[in-house]
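Structure data (PDB, C-alpha atoms (C1' of nucleotides)) from input.pdb:
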```
ATOM      1  CA  MET D  16       3.054   3.662   8.031
ATOM      2  CA  ASN D  17       1.201   3.769   4.785
ATOM      3  CA  LEU D  18       0.032   6.571   2.587
ATOM      4  CA  SER D  19      -2.274   5.417  -0.185
ATOM      5  CA  LYS D  20      -1.952   6.707  -3.694
ATOM      6  CA  THR D  21      -5.331   8.346  -3.224
ATOM      7  CA  SER D  22      -4.032  10.321  -0.246
ATOM      8  CA  LYS D  23      -1.076  11.428  -2.319
ATOM      9  CA  TYR D  24      -3.491  12.530  -5.018
ATOM     10  CA  ALA D  25      -5.480  14.443  -2.420
ATOM     11  CA  PHE D  26      -2.325  16.224  -1.313
ATOM     12  CA  ARG D  27      -1.609  17.147  -4.909
ATOM     13  CA  VAL D  28      -5.112  18.461  -5.518
ATOM     14  CA  LEU D  29      -5.478  20.438  -2.335
ATOM     15  CA  GLY D  30      -1.913  21.688  -2.604
ATOM     16  CA  GLN D  31      -2.637  22.950  -6.076
ATOM     17  CA  MET D  32      -5.907  24.563  -5.037
ATOM     18  CA  ALA D  33      -4.161  26.248  -2.118
ATOM     19  CA  LYS D  34      -2.063  28.293  -4.517
ATOM     20  CA  ASN D  35      -5.115  30.480  -5.069
ATOM     21  CA  GLU D  36      -7.175  29.670  -2.083
ATOM     22  CA  LYS D  37     -10.263  31.632  -3.148
ATOM     23  CA  GLU D  38     -10.397  30.409  -6.723
ATOM     24  CA  LEU D  39     -13.048  28.075  -8.049
ATOM     25  CA  TYR D  40     -11.422  25.110  -9.802
ATOM     26  CA  SER D  41     -13.052  22.730 -12.240
ATOM     27  CA  ALA D  42     -11.989  19.086 -12.293
ATOM     28  CA  GLN D  43     -10.828  19.519 -15.859
ATOM     29  CA  GLN D  44      -8.623  22.454 -14.959
ATOM     30  CA  LEU D  45      -7.067  20.626 -12.012
ATOM     31  CA  HIS D  46      -6.479  17.592 -14.174
ATOM     32  CA  LYS D  47      -4.401  19.729 -16.507
ATOM     33  CA  GLU D  48      -2.350  21.105 -13.642
ATOM     34  CA  ILE D  49      -1.570  17.931 -11.723
ATOM     35  CA  ASP D  50      -0.966  14.395 -12.850
ATOM     36  CA  VAL D  51      -4.089  12.544 -11.705
ATOM     37  CA  PRO D  52      -6.443  10.578 -13.998
ATOM     38  CA  GLU D  53      -9.426  12.792 -14.772
ATOM     39  CA  ARG D  54     -12.274  10.476 -13.873
ATOM     40  CA  TYR D  55     -10.546   9.361 -10.709
ATOM     41  CA  LEU D  56      -9.859  12.973  -9.825
ATOM     42  CA  ARG D  57     -13.526  13.828 -10.208
ATOM     43  CA  ARG D  58     -14.519  11.121  -7.790
ATOM     44  CA  LEU D  59     -11.827  12.217  -5.389
ATOM     45  CA  LEU D  60     -13.022  15.808  -5.516
ATOM     46  CA  THR D  61     -16.552  14.680  -4.720
ATOM     47  CA  ASP D  62     -15.216  12.707  -1.774
ATOM     48  CA  LEU D  63     -13.144  15.621  -0.538
ATOM     49  CA  SER D  64     -16.241  17.790  -0.582
ATOM     50  CA  LYS D  65     -18.107  15.160   1.435
ATOM     51  CA  TYR D  66     -15.288  15.190   3.945
ATOM     52  CA  GLY D  67     -15.828  18.942   4.234
ATOM     53  CA  PHE D  68     -12.459  20.201   3.011
ATOM     54  CA  ILE D  69     -13.908  21.731  -0.115
ATOM     55  CA  LYS D  70     -17.365  22.595  -1.374
ATOM     56  CA  SER D  71     -18.745  21.756  -4.764
ATOM     57  CA  ILE D  72     -20.769  24.033  -6.964
ATOM     58  CA  GLN D  73     -22.795  22.213  -9.553
ATOM     59  CA  GLY D  74     -23.840  23.228 -13.025
ATOM     60  CA  ARG D  75     -22.141  25.165 -15.762
ATOM     61  CA  GLN D  76     -19.455  27.453 -14.341
ATOM     62  CA  GLY D  77     -19.386  25.149 -11.354
ATOM     63  CA  GLY D  78     -16.352  23.661  -9.675
ATOM     64  CA  PHE D  79     -14.679  23.263  -6.323
ATOM     65  CA  ALA D  80     -13.411  25.725  -3.750
ATOM     66  CA  PHE D  81     -12.244  25.442  -0.171
ATOM     67  CA  ALA D  82     -15.002  25.123   2.372
ATOM     68  CA  ARG D  83     -12.740  26.063   5.269
ATOM     69  CA  ASP D  84      -9.828  28.341   6.012
ATOM     70  CA  ILE D  85      -6.784  26.580   4.587
ATOM     71  CA  SER D  86      -4.670  27.643   7.544
ATOM     72  CA  LYS D  87      -6.839  25.270   9.565
ATOM     73  CA  ILE D  88      -6.816  22.294   7.234
ATOM     74  CA  PHE D  89      -4.038  20.041   8.495
ATOM     75  CA  LEU D  90      -2.476  17.228   6.531
ATOM     76  CA  ILE D  91      -3.316  14.649   9.163
ATOM     77  CA  GLU D  92      -7.031  15.319   8.639
ATOM     78  CA  ILE D  93      -6.717  14.480   4.972
ATOM     79  CA  VAL D  94      -4.905  11.212   5.613
ATOM     80  CA  VAL D  95      -7.332  10.224   8.348
ATOM     81  CA  ALA D  96     -10.336  10.937   6.134
ATOM     82  CA  ILE D  97      -9.015   8.831   3.273
ATOM     83  CA  ASP D  98      -6.874   6.099   4.816
ATOM     84  CA  GLY D  99      -7.813   6.177   8.465
ATOM     85  CA  LEU D 100      -5.542   6.953  11.401
ATOM     86  CA  ASP D 101      -4.207   3.415  11.654
ATOM     87  CA  SER D 102      -2.502   3.775   8.308
ATOM     88  CA  ILE D 103      -0.068   6.044  10.132
ATOM     89  CA  ASP D 104      -0.564   5.284  13.787
ATOM     90  CA  GLY D 105      -1.018   1.513  13.505
ATOM     91  CA  CYS D 106       1.505  -1.066  14.618
ATOM     92  CA  ILE D 107       4.655  -1.107  12.500
ATOM     93  CA  LEU D 108       4.431  -4.894  12.279
ATOM     94  CA  GLY D 109       0.764  -4.761  11.356
ATOM     95  CA  TYR D 110      -0.507  -6.409  14.520
ATOM     96  CA  ASP D 111      -4.035  -5.415  15.453
ATOM     97  CA  SER D 112      -3.513  -5.401  19.178
ATOM     98  CA  CYS D 113      -0.178  -3.852  19.886
ATOM     99  CA  ALA D 114      -0.270  -1.629  22.917
ATOM    100  CA  PHE D 115       1.727  -0.938  26.059
ATOM    101  CA  ASP D 116       0.490  -4.119  27.768
ATOM    102  CA  HIS D 117       1.231  -6.341  24.788
ATOM    103  CA  ALA D 118       3.744  -4.536  22.655
ATOM    104  CA  CYS D 119       5.360  -5.898  19.518
ATOM    105  CA  PRO D 120       9.165  -6.163  19.411
ATOM    106  CA  MET D 121       9.512  -2.905  17.518
ATOM    107  CA  HIS D 122       6.995  -0.874  19.451
ATOM    108  CA  ASN D 123       9.453   1.082  21.555
ATOM    109  CA  ILE D 124      11.999   1.560  18.820
ATOM    110  CA  TRP D 125       9.403   2.973  16.488
ATOM    111  CA  GLU D 126       7.370   5.076  18.877
ATOM    112  CA  GLU D 127       9.428   8.239  18.756
ATOM    113  CA  THR D 128       9.690   8.215  14.979
ATOM    114  CA  LYS D 129       5.983   7.667  14.591
ATOM    115  CA  ARG D 130       5.354  10.549  16.929
ATOM    116  CA  LYS D 131       7.514  12.735  14.719
ATOM    117  CA  VAL D 132       5.567  11.749  11.614
ATOM    118  CA  ILE D 133       2.235  12.417  13.253
ATOM    119  CA  GLU D 134       3.472  15.701  14.679
ATOM    120  CA  THR D 135       4.556  16.930  11.273
ATOM    121  CA  LEU D 136       1.279  15.973   9.648
ATOM    122  CA  THR D 137      -0.651  17.472  12.543
ATOM    123  CA  LYS D 138       1.012  20.846  12.576
ATOM    124  CA  THR D 139       1.335  21.371   8.836
ATOM    125  CA  SER D 140      -1.611  23.115   7.200
ATOM    126  CA  LEU D 141      -2.349  23.693   3.543
ATOM    127  CA  LYS D 142      -1.425  27.307   4.178
ATOM    128  CA  ASP D 143       2.061  26.176   5.139
ATOM    129  CA  ILE D 144       2.667  24.603   1.755
ATOM    130  CA  GLN D 145       0.847  27.295  -0.200
ATOM    131  CA  ASN D 146       3.802  28.836  -1.906
ATOM    132  CA  ALA D 147       6.259  25.996  -1.856
ATOM    133  CA  GLY D 148       7.446  24.147  -4.924
ATOM    134  CA  LEU D 149       7.454  27.106  -7.277
ATOM    135  CA  LYS D 150      11.094  28.077  -7.164
ATOM    136  CA  LEU D 151      12.625  27.293 -10.541
TER     137      LEU D 151
ATOM    138  CA  MET F  21       6.269   6.445   2.818
ATOM    139  CA  ASN F  22       5.016   2.914   2.383
ATOM    140  CA  LEU F  23       5.780  -0.324   4.114
ATOM    141  CA  SER F  24       4.286  -3.333   2.356
ATOM    142  CA  LYS F  25       2.601  -6.101   4.283
ATOM    143  CA  THR F  26       5.412  -8.355   3.152
ATOM    144  CA  SER F  27       8.000  -6.094   4.786
ATOM    145  CA  LYS F  28       5.972  -6.161   7.977
ATOM    146  CA  TYR F  29       5.922  -9.936   7.775
ATOM    147  CA  ALA F  30       9.693  -9.926   7.283
ATOM    148  CA  PHE F  31      10.089  -7.807  10.396
ATOM    149  CA  ARG F  32       7.961 -10.273  12.315
ATOM    150  CA  VAL F  33       9.906 -13.277  11.114
ATOM    151  CA  LEU F  34      13.370 -11.875  11.592
ATOM    152  CA  GLY F  35      12.358 -10.324  14.895
ATOM    153  CA  GLN F  36      11.146 -13.688  16.104
ATOM    154  CA  MET F  37      14.261 -15.451  14.884
ATOM    155  CA  ALA F  38      16.428 -12.869  16.611
ATOM    156  CA  LYS F  39      15.158 -14.019  19.994
ATOM    157  CA  ASN F  40      17.455 -17.008  19.679
ATOM    158  CA  GLU F  41      19.854 -15.843  17.082
ATOM    159  CA  LYS F  42      21.709 -19.116  16.711
ATOM    160  CA  GLU F  43      18.665 -21.372  16.522
ATOM    161  CA  LEU F  44      17.548 -23.157  13.383
ATOM    162  CA  TYR F  45      13.890 -22.411  12.697
ATOM    163  CA  SER F  46      11.566 -24.350  10.448
ATOM    164  CA  ALA F  47       8.853 -22.520   8.538
ATOM    165  CA  GLN F  48       6.231 -24.495  10.393
ATOM    166  CA  GLN F  49       7.620 -23.515  13.760
ATOM    167  CA  LEU F  50       7.784 -19.843  12.808
ATOM    168  CA  HIS F  51       4.251 -20.021  11.475
ATOM    169  CA  LYS F  52       3.081 -21.143  14.900
ATOM    170  CA  GLU F  53       4.887 -18.293  16.598
ATOM    171  CA  ILE F  54       3.912 -15.375  14.408
ATOM    172  CA  ASP F  55       0.753 -14.630  12.480
ATOM    173  CA  VAL F  56       1.787 -15.089   8.854
ATOM    174  CA  PRO F  57       0.122 -17.512   6.390
ATOM    175  CA  GLU F  58       2.283 -20.610   6.217
ATOM    176  CA  ARG F  59       2.744 -20.894   2.468
ATOM    177  CA  TYR F  60       3.386 -17.206   2.120
ATOM    178  CA  LEU F  61       5.851 -17.402   4.975
ATOM    179  CA  ARG F  62       7.746 -20.184   3.264
ATOM    180  CA  ARG F  63       8.119 -18.152   0.143
ATOM    181  CA  LEU F  64       9.194 -15.159   2.167
ATOM    182  CA  LEU F  65      11.818 -17.197   3.997
ATOM    183  CA  THR F  66      13.224 -18.401   0.702
ATOM    184  CA  ASP F  67      13.367 -14.804  -0.494
ATOM    185  CA  LEU F  68      15.036 -13.632   2.705
ATOM    186  CA  SER F  69      17.692 -16.271   2.237
ATOM    187  CA  LYS F  70      18.249 -15.093  -1.321
ATOM    188  CA  TYR F  71      18.691 -11.573   0.000
ATOM    189  CA  GLY F  72      21.383 -12.961   2.280
ATOM    190  CA  PHE F  73      19.840 -12.212   5.669
ATOM    191  CA  ILE F  74      19.338 -15.857   6.507
ATOM    192  CA  LYS F  75      20.574 -19.148   5.131
ATOM    193  CA  SER F  76      18.441 -22.158   4.385
ATOM    194  CA  ILE F  77      19.277 -25.733   5.180
ATOM    195  CA  GLN F  78      17.362 -28.234   3.125
ATOM    196  CA  GLY F  79      16.150 -31.684   3.941
ATOM    197  CA  ARG F  80      14.701 -33.235   7.044
ATOM    198  CA  GLN F  81      15.802 -31.356  10.149
ATOM    199  CA  GLY F  82      16.390 -28.401   7.862
ATOM    200  CA  GLY F  83      15.281 -24.836   8.407
ATOM    201  CA  PHE F  84      16.512 -21.287   8.480
ATOM    202  CA  ALA F  85      19.148 -19.502  10.523
ATOM    203  CA  PHE F  86      20.813 -16.130  10.298
ATOM    204  CA  ALA F  87      23.512 -15.886   7.691
ATOM    205  CA  ARG F  88      24.995 -12.740   9.210
ATOM    206  CA  ASP F  89      25.565 -11.191  12.603
ATOM    207  CA  ILE F  90      22.211  -9.770  13.647
ATOM    208  CA  SER F  91      23.862  -6.714  15.161
ATOM    209  CA  LYS F  92      24.739  -5.795  11.589
ATOM    210  CA  ILE F  93      21.391  -6.445   9.949
ATOM    211  CA  PHE F  94      19.624  -3.094   9.879
ATOM    212  CA  LEU F  95      15.930  -2.590   9.302
ATOM    213  CA  ILE F  96      16.486  -0.359   6.320
ATOM    214  CA  GLU F  97      18.209  -3.216   4.474
ATOM    215  CA  ILE F  98      15.141  -5.381   4.872
ATOM    216  CA  VAL F  99      12.782  -2.704   3.559
ATOM    217  CA  VAL F 100      15.066  -1.893   0.660
ATOM    218  CA  ALA F 101      15.383  -5.554  -0.315
ATOM    219  CA  ILE F 102      11.629  -6.095  -0.334
ATOM    220  CA  ASP F 103      10.044  -2.760  -1.250
ATOM    221  CA  GLY F 104      12.934  -0.732  -2.600
ATOM    222  CA  LEU F 105      14.294   2.503  -1.191
ATOM    223  CA  ASP F 106      11.736   4.688  -2.920
ATOM    224  CA  SER F 107       8.968   3.203  -0.810
ATOM    225  CA  ILE F 108      10.464   5.222   2.030
ATOM    226  CA  ASP F 109      12.618   7.818   0.371
ATOM    227  CA  GLY F 110      10.358   8.623  -2.575
ATOM    228  CA  CYS F 111       8.389  11.814  -3.048
ATOM    229  CA  ILE F 112       5.573  12.197  -0.541
ATOM    230  CA  LEU F 113       3.219  13.188  -3.359
ATOM    231  CA  GLY F 114       4.339  10.269  -5.496
ATOM    232  CA  TYR F 115       5.983  12.340  -8.196
ATOM    233  CA  ASP F 116       8.780  10.554  -9.997
ATOM    234  CA  SER F 117      11.010  13.529 -10.449
ATOM    235  CA  CYS F 118      10.925  15.540  -7.293
ATOM    236  CA  ALA F 119      14.311  16.924  -6.392
ATOM    237  CA  PHE F 120      15.911  20.151  -5.249
ATOM    238  CA  ASP F 121      15.679  21.711  -8.711
ATOM    239  CA  HIS F 122      12.038  20.767  -9.213
ATOM    240  CA  ALA F 123      10.580  20.147  -5.790
ATOM    241  CA  CYS F 124       6.958  19.306  -5.044
ATOM    242  CA  PRO F 125       5.020  21.603  -2.707
ATOM    243  CA  MET F 126       5.591  19.369   0.281
ATOM    244  CA  HIS F 127       9.221  18.554  -0.331
ATOM    245  CA  ASN F 128      10.710  20.893   2.241
ATOM    246  CA  ILE F 129       8.061  20.302   4.869
ATOM    247  CA  TRP F 130       8.544  16.577   4.679
ATOM    248  CA  GLU F 131      12.289  16.372   4.336
ATOM    249  CA  GLU F 132      13.237  16.442   8.010
ATOM    250  CA  THR F 133      10.606  13.900   8.977
ATOM    251  CA  LYS F 134      11.678  11.559   6.228
ATOM    252  CA  ARG F 135      15.233  11.904   7.387
ATOM    253  CA  LYS F 136      14.153  10.862  10.856
ATOM    254  CA  VAL F 137      12.383   7.787   9.537
ATOM    255  CA  ILE F 138      15.351   6.727   7.473
ATOM    256  CA  GLU F 139      17.735   7.399  10.333
ATOM    257  CA  THR F 140      15.751   5.185  12.678
ATOM    258  CA  LEU F 141      15.566   2.358  10.178
ATOM    259  CA  THR F 142      19.233   2.768   9.376
ATOM    260  CA  LYS F 143      20.556   2.660  12.905
ATOM    261  CA  THR F 144      18.260  -0.027  14.299
ATOM    262  CA  SER F 145      19.542  -3.568  13.975
ATOM    263  CA  LEU F 146      17.814  -6.840  14.721
ATOM    264  CA  LYS F 147      20.002  -7.045  17.791
ATOM    265  CA  ASP F 148      18.406  -3.855  19.061
ATOM    266  CA  ILE F 149      14.954  -5.390  19.072
ATOM    267  CA  GLN F 150      16.099  -8.793  20.222
ATOM    268  CA  ASN F 151      14.609  -8.745  23.676
ATOM    269  CA  ALA F 152      11.800  -6.277  23.224
ATOM    270  CA  GLY F 153       8.145  -7.179  23.282
ATOM    271  CA  LEU F 154       8.351  -9.828  25.958
ATOM    272  CA  LYS F 155       7.379  -7.824  29.010
ATOM    273  CA  LEU F 156       3.993  -9.068  30.208
TER     274      LEU F 156
ATOM    275  C1'  DA P  24      15.920 -48.604   0.427
ATOM    276  C1'  DT P  25      11.961 -46.357   2.143
ATOM    277  C1'  DT P  26       9.661 -42.980   4.435
ATOM    278  C1'  DA P  27       9.171 -38.591   6.544
ATOM    279  C1'  DA P  28      10.080 -33.811   7.052
ATOM    280  C1'  DA P  29      11.862 -30.122   5.512
ATOM    281  C1'  DT P  30      12.859 -26.331   1.531
ATOM    282  C1'  DG P  31      12.407 -24.821  -3.753
ATOM    283  C1'  DC P  32       9.923 -23.705  -7.801
ATOM    284  C1'  DC P  33       6.065 -22.342 -10.641
ATOM    285  C1'  DA P  34       1.491 -21.488 -11.697
ATOM    286  C1'  DC P  35      -2.839 -20.163 -10.236
ATOM    287  C1'  DT P  36      -6.445 -17.623  -7.326
ATOM    288  C1'  DT P  37      -8.172 -13.874  -4.550
ATOM    289  C1'  DG P  38      -8.926  -9.306  -2.769
ATOM    290  C1'  DC P  39      -8.603  -4.648  -2.897
ATOM    291  C1'  DA P  40      -6.946  -0.184  -4.500
ATOM    292  C1'  DT P  41      -6.901   2.092  -8.659
ATOM    293  C1'  DG P  42      -8.869   3.422 -12.889
ATOM    294  C1'  DT P  43     -12.745   3.746 -16.512
ATOM    295  C1'  DA P  44     -17.480   4.220 -18.546
ATOM    296  C1'  DG P  45     -22.191   5.533 -18.978
ATOM    297  C1'  DT P  46     -25.747   8.135 -17.638
ATOM    298  C1'  DA P  47     -28.294  11.323 -14.593
ATOM    299  C1'  DT P  48     -28.553  15.803 -12.555
ATOM    300  C1'  DT P  49     -27.676  20.654 -11.933
ATOM    301  C1'  DT P  50     -27.022  25.312 -13.506
ATOM    302  C1'  DT P  51     -25.706  28.964 -16.826
ATOM    303  C1'  DA P  52     -25.507  31.084 -21.433
ATOM    304  C1'  DC P  53     -27.855  32.194 -25.315
TER     305       DC P  53
ATOM    306  C1'  DG W  22     -36.536  26.525 -23.519
ATOM    307  C1'  DT W  23     -32.629  24.359 -25.404
ATOM    308  C1'  DA W  24     -27.872  23.342 -25.450
ATOM    309  C1'  DA W  25     -23.548  23.312 -23.082
ATOM    310  C1'  DA W  26     -20.554  22.596 -19.227
ATOM    311  C1'  DA W  27     -20.037  21.325 -15.063
ATOM    312  C1'  DT W  28     -20.678  17.757 -10.861
ATOM    313  C1'  DA W  29     -23.033  13.124  -8.914
ATOM    314  C1'  DC W  30     -23.963   8.375  -8.914
ATOM    315  C1'  DT W  31     -23.278   3.602  -9.781
ATOM    316  C1'  DA W  32     -21.448  -0.176 -11.921
ATOM    317  C1'  DC W  33     -17.735  -2.325 -14.198
ATOM    318  C1'  DA W  34     -12.601  -3.186 -15.581
ATOM    319  C1'  DT W  35      -7.705  -3.549 -14.494
ATOM    320  C1'  DG W  36      -3.383  -4.307 -12.064
ATOM    321  C1'  DC W  37      -0.770  -5.768  -8.500
ATOM    322  C1'  DA W  38       0.142  -7.410  -3.829
ATOM    323  C1'  DA W  39      -1.207 -11.148  -1.079
ATOM    324  C1'  DG W  40      -2.366 -15.771  -0.559
ATOM    325  C1'  DT W  41      -2.866 -20.854  -2.082
ATOM    326  C1'  DG W  42      -1.815 -25.379  -4.268
ATOM    327  C1'  DG W  43       0.785 -29.076  -6.445
ATOM    328  C1'  DC W  44       4.746 -31.219  -7.101
ATOM    329  C1'  DA W  45       9.883 -31.600  -7.220
ATOM    330  C1'  DT W  46      14.036 -31.810  -4.517
ATOM    331  C1'  DT W  47      16.921 -32.498  -0.597
ATOM    332  C1'  DT W  48      18.346 -34.789   3.582
ATOM    333  C1'  DA W  49      17.913 -37.579   7.920
ATOM    334  C1'  DA W  50      15.877 -41.301  10.559
ATOM    335  C1'  DT W  51      14.648 -45.877  10.560
TER     336       DT W  51
END
```

As structure tokens:
Amino acid sequence: MNLSKTSKYAFRVLGQMAKNEKELYSAQQLHKEIDVPERYLRRLLTDLSKYGFIKSIQGRQGGFAFARDISKIFLIEIVVAIDGLDSIDGCILGYDSCAFDHACPMHNIWEETKRKVIETLTKTSLKDIQNAGLKL
Amino acid sequence: MNLSKTSKYAFRVLGQMAKNEKELYSAQQLHKEIDVPERYLRRLLTDLSKYGFIKSIQGRQGGFAFARDISKIFLIEIVVAIDGLDSIDGCILGYDSCAFDHACPMHNIWEETKRKVIETLTKTSLKDIQNAGLKL
DNA sequence: ATTAAATGCCACTTGCATGTAGTATTTTAC
DNA sequence: GTAAAATACTACATGCAAGTGGCATTTAAT
């Protein structure tokens, strides 16, 4: 049950880019739109392109654009790429080996809630959040 | 959506102590039973007693025992004491000011899931996990 | 009284995520 | 073909949670 700051940044970036899903965004432009340190953002964008969510275009007039259909990019994929599945799915007490045959005291209590979290992240795509957060 | 390692340790400790809710536990004994570094555990136990979950008894034959009825110690209290409420309740994108009048793109999508997490932590007491995790 | 076994306090160290800097590379505009 | 504007790479710096160490204090057993 952990979402790193970097994953949060990734959500911000990709969420912002999803607003105009075909547009080519430069790091500088994105930095102005969301609150992420510019150099760190640049590295993150490079990483996100390596993960295959976006593609990078080098050179002047370059930038980043989605490499895949945003209706098929699900939040869970982003978290898994950056933090790994265990950050969400791992034992709530942090035990390495916590399974049905050797469960921690909170295993059963937590299971359903964890399932809910994973379900939400699994079924929510960038398309689903495309036009949220604008209503002012 | 963040649970520090320290909170996980606290869950382990208090969960272990709940198995015999009246017993007086020394730090050394608890260290043998759960996987938490001894010195760190000692500091944590002192903190947990300051938070009022347990009481400490100094001197030889001293140790720690619950200060309150474990059926009324809820998991959310432990997280809040150690990490603060925002670690769970805060904006999923990490924005400081994310509320109904200025919501982040994921606010609505995440709201129900967050509610579920908080609900589970709020209604689960140490008594509820008292006898879990023993079945082998 | 002395010793032993426990907690309490404070400062220091370590490890890792986060953040920064410099420079190389790529591509377009002119 | 040269300069400008973008990404790519690699190394270093910083901050904070996690972990360690030394010593003081408290209390019980002997």

Exercise for review: On this file, the PyMOL selection byres ((chain F) within 7 of (chain P)) gives some set of residues; write that set as an NGL selection string.
Suggested key: :F and (78-83)

Counting only C-alpha atoms (C1' of nucleotides), collect the residues of chain F whose closest atom lies at most 12 Å from chain W, and write them out as an mmCIF file with C-alpha atoms, in the coordinates of the input.
```cif
data_model
loop_
_atom_site.group_PDB
_atom_site.id
_atom_site.type_symbol
_atom_site.label_atom_id
_atom_site.label_comp_id
_atom_site.auth_asym_id
_atom_site.auth_seq_id
_atom_site.Cartn_x
_atom_site.Cartn_y
_atom_site.Cartn_z
ATOM 1 C CA SER F 24 4.286 -3.333 2.356
ATOM 2 C CA LYS F 25 2.601 -6.101 4.283
ATOM 3 C CA THR F 26 5.412 -8.355 3.152
ATOM 4 C CA SER F 27 8.000 -6.094 4.786
ATOM 5 C CA TYR F 29 5.922 -9.936 7.775
ATOM 6 C CA VAL F 56 1.787 -15.089 8.854
ATOM 7 C CA PRO F 57 0.122 -17.512 6.390
ATOM 8 C CA GLU F 58 2.283 -20.610 6.217
ATOM 9 C CA ARG F 59 2.744 -20.894 2.468
ATOM 10 C CA TYR F 60 3.386 -17.206 2.120
ATOM 11 C CA LEU F 61 5.851 -17.402 4.975
ATOM 12 C CA ARG F 62 7.746 -20.184 3.264
ATOM 13 C CA ARG F 63 8.119 -18.152 0.143
ATOM 14 C CA LEU F 64 9.194 -15.159 2.167
ATOM 15 C CA SER F 76 18.441 -22.158 4.385
ATOM 16 C CA ILE F 77 19.277 -25.733 5.180
ATOM 17 C CA GLN F 78 17.362 -28.234 3.125
ATOM 18 C CA GLY F 79 16.150 -31.684 3.941
ATOM 19 C CA ARG F 80 14.701 -33.235 7.044
ATOM 20 C CA GLN F 81 15.802 -31.356 10.149
ATOM 21 C CA GLY F 82 16.390 -28.401 7.862
ATOM 22 C CA GLY F 83 15.281 -24.836 8.407
ATOM 23 C CA ASP F 103 10.044 -2.760 -1.250
#
```

Using 7 Å as the limit and counting all atoms listed in the file, can you tabulate each residue of chain F that touches chain D, with its shortest atom-to-atom distance in Å and the two atoms involved, as CSV?
```
residue,atom,partner,partner_atom,distance
F:Met21,CA,D:Asn17,CA,6.1
F:Asn22,CA,D:Asn17,CA,4.6
F:Leu23,CA,D:Asn17,CA,6.2
F:Lys28,CA,D:Leu108,CA,4.7
F:Tyr29,CA,D:Leu108,CA,6.9
F:Phe31,CA,D:Leu108,CA,6.6
F:Arg32,CA,D:Leu108,CA,6.4
F:Gly35,CA,D:Pro120,CA,6.9
F:Ile112,CA,D:Lys23,CA,6.9
F:Leu113,CA,D:Lys23,CA,4.8
F:Gly114,CA,D:Lys23,CA,6.4
F:Asp121,CA,D:Leu151,CA,6.6
F:His122,CA,D:Leu151,CA,6.7
F:Ala123,CA,D:Gly148,CA,5.2
F:Cys124,CA,D:Gly148,CA,4.9
F:Pro125,CA,D:Gly148,CA,4.2
F:Met126,CA,D:Ile144,CA,6.2
F:Thr133,CA,D:Val132,CA,6.1
F:Lys136,CA,D:Thr128,CA,6.6
F:Val137,CA,D:Thr128,CA,6.1
F:Ile149,CA,D:Pro120,CA,5.9
F:Ala152,CA,D:Pro120,CA,4.6
F:Gly153,CA,D:Pro120,CA,4.1
F:Leu156,CA,D:Asp116,CA,6.5
```

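Atom pair CA of Thr66 in chain F / CA of Arg88 in chain F: separated by 15.6 Å.
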
Review point. Which polymer residues have any atom within 9 Å of an atom of Lys138 in chain D, counting only C-alpha atoms (C1' of nucleotides), with same-chain residues fewer than 5 positions away left out, as a PyMOL selection string?
Key: chain D and resi 89-91+133

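For the pair CA of Tyr40 in chain D and CA of Leu100 in chain D, the interatomic distance is 28.5 Å.
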
Kindly add N, CA and C atoms to the incomplete range 131-141 of chain F and provide the output as a CSV table (one decimal), in the frame of the given file.
```
chain,number,residue,atom,x,y,z
F,131,GLU,N,10.9,16.8,4.4
F,131,GLU,CA,12.3,16.4,4.3
F,131,GLU,C,12.8,15.9,5.7
F,132,GLU,N,12.7,16.7,6.7
F,132,GLU,CA,13.2,16.4,8.0
F,132,GLU,C,12.6,15.2,8.6
F,133,THR,N,11.3,15.1,8.4
F,133,THR,CA,10.6,13.9,9.0
F,133,THR,C,11.1,12.6,8.3
F,134,LYS,N,11.2,12.7,7.0
F,134,LYS,CA,11.7,11.6,6.2
F,134,LYS,C,13.1,11.2,6.7
F,135,ARG,N,13.9,12.2,6.9
F,135,ARG,CA,15.2,11.9,7.4
F,135,ARG,C,15.2,11.1,8.7
F,136,LYS,N,14.3,11.5,9.6
F,136,LYS,CA,14.2,10.9,10.9
F,136,LYS,C,13.8,9.4,10.7
F,137,VAL,N,12.8,9.2,9.8
F,137,VAL,CA,12.4,7.8,9.5
F,137,VAL,C,13.5,6.9,9.0
F,138,ILE,N,14.2,7.5,8.1
F,138,ILE,CA,15.4,6.7,7.5
F,138,ILE,C,16.5,6.5,8.5
F,139,GLU,N,16.7,7.5,9.3
F,139,GLU,CA,17.7,7.4,10.3
F,139,GLU,C,17.4,6.3,11.3
F,140,THR,N,16.2,6.2,11.7
F,140,THR,CA,15.8,5.2,12.7
F,140,THR,C,15.9,3.8,12.1
F,141,LEU,N,15.5,3.7,10.8
F,141,LEU,CA,15.6,2.4,10.2
F,141,LEU,C,17.0,2.0,9.9
```
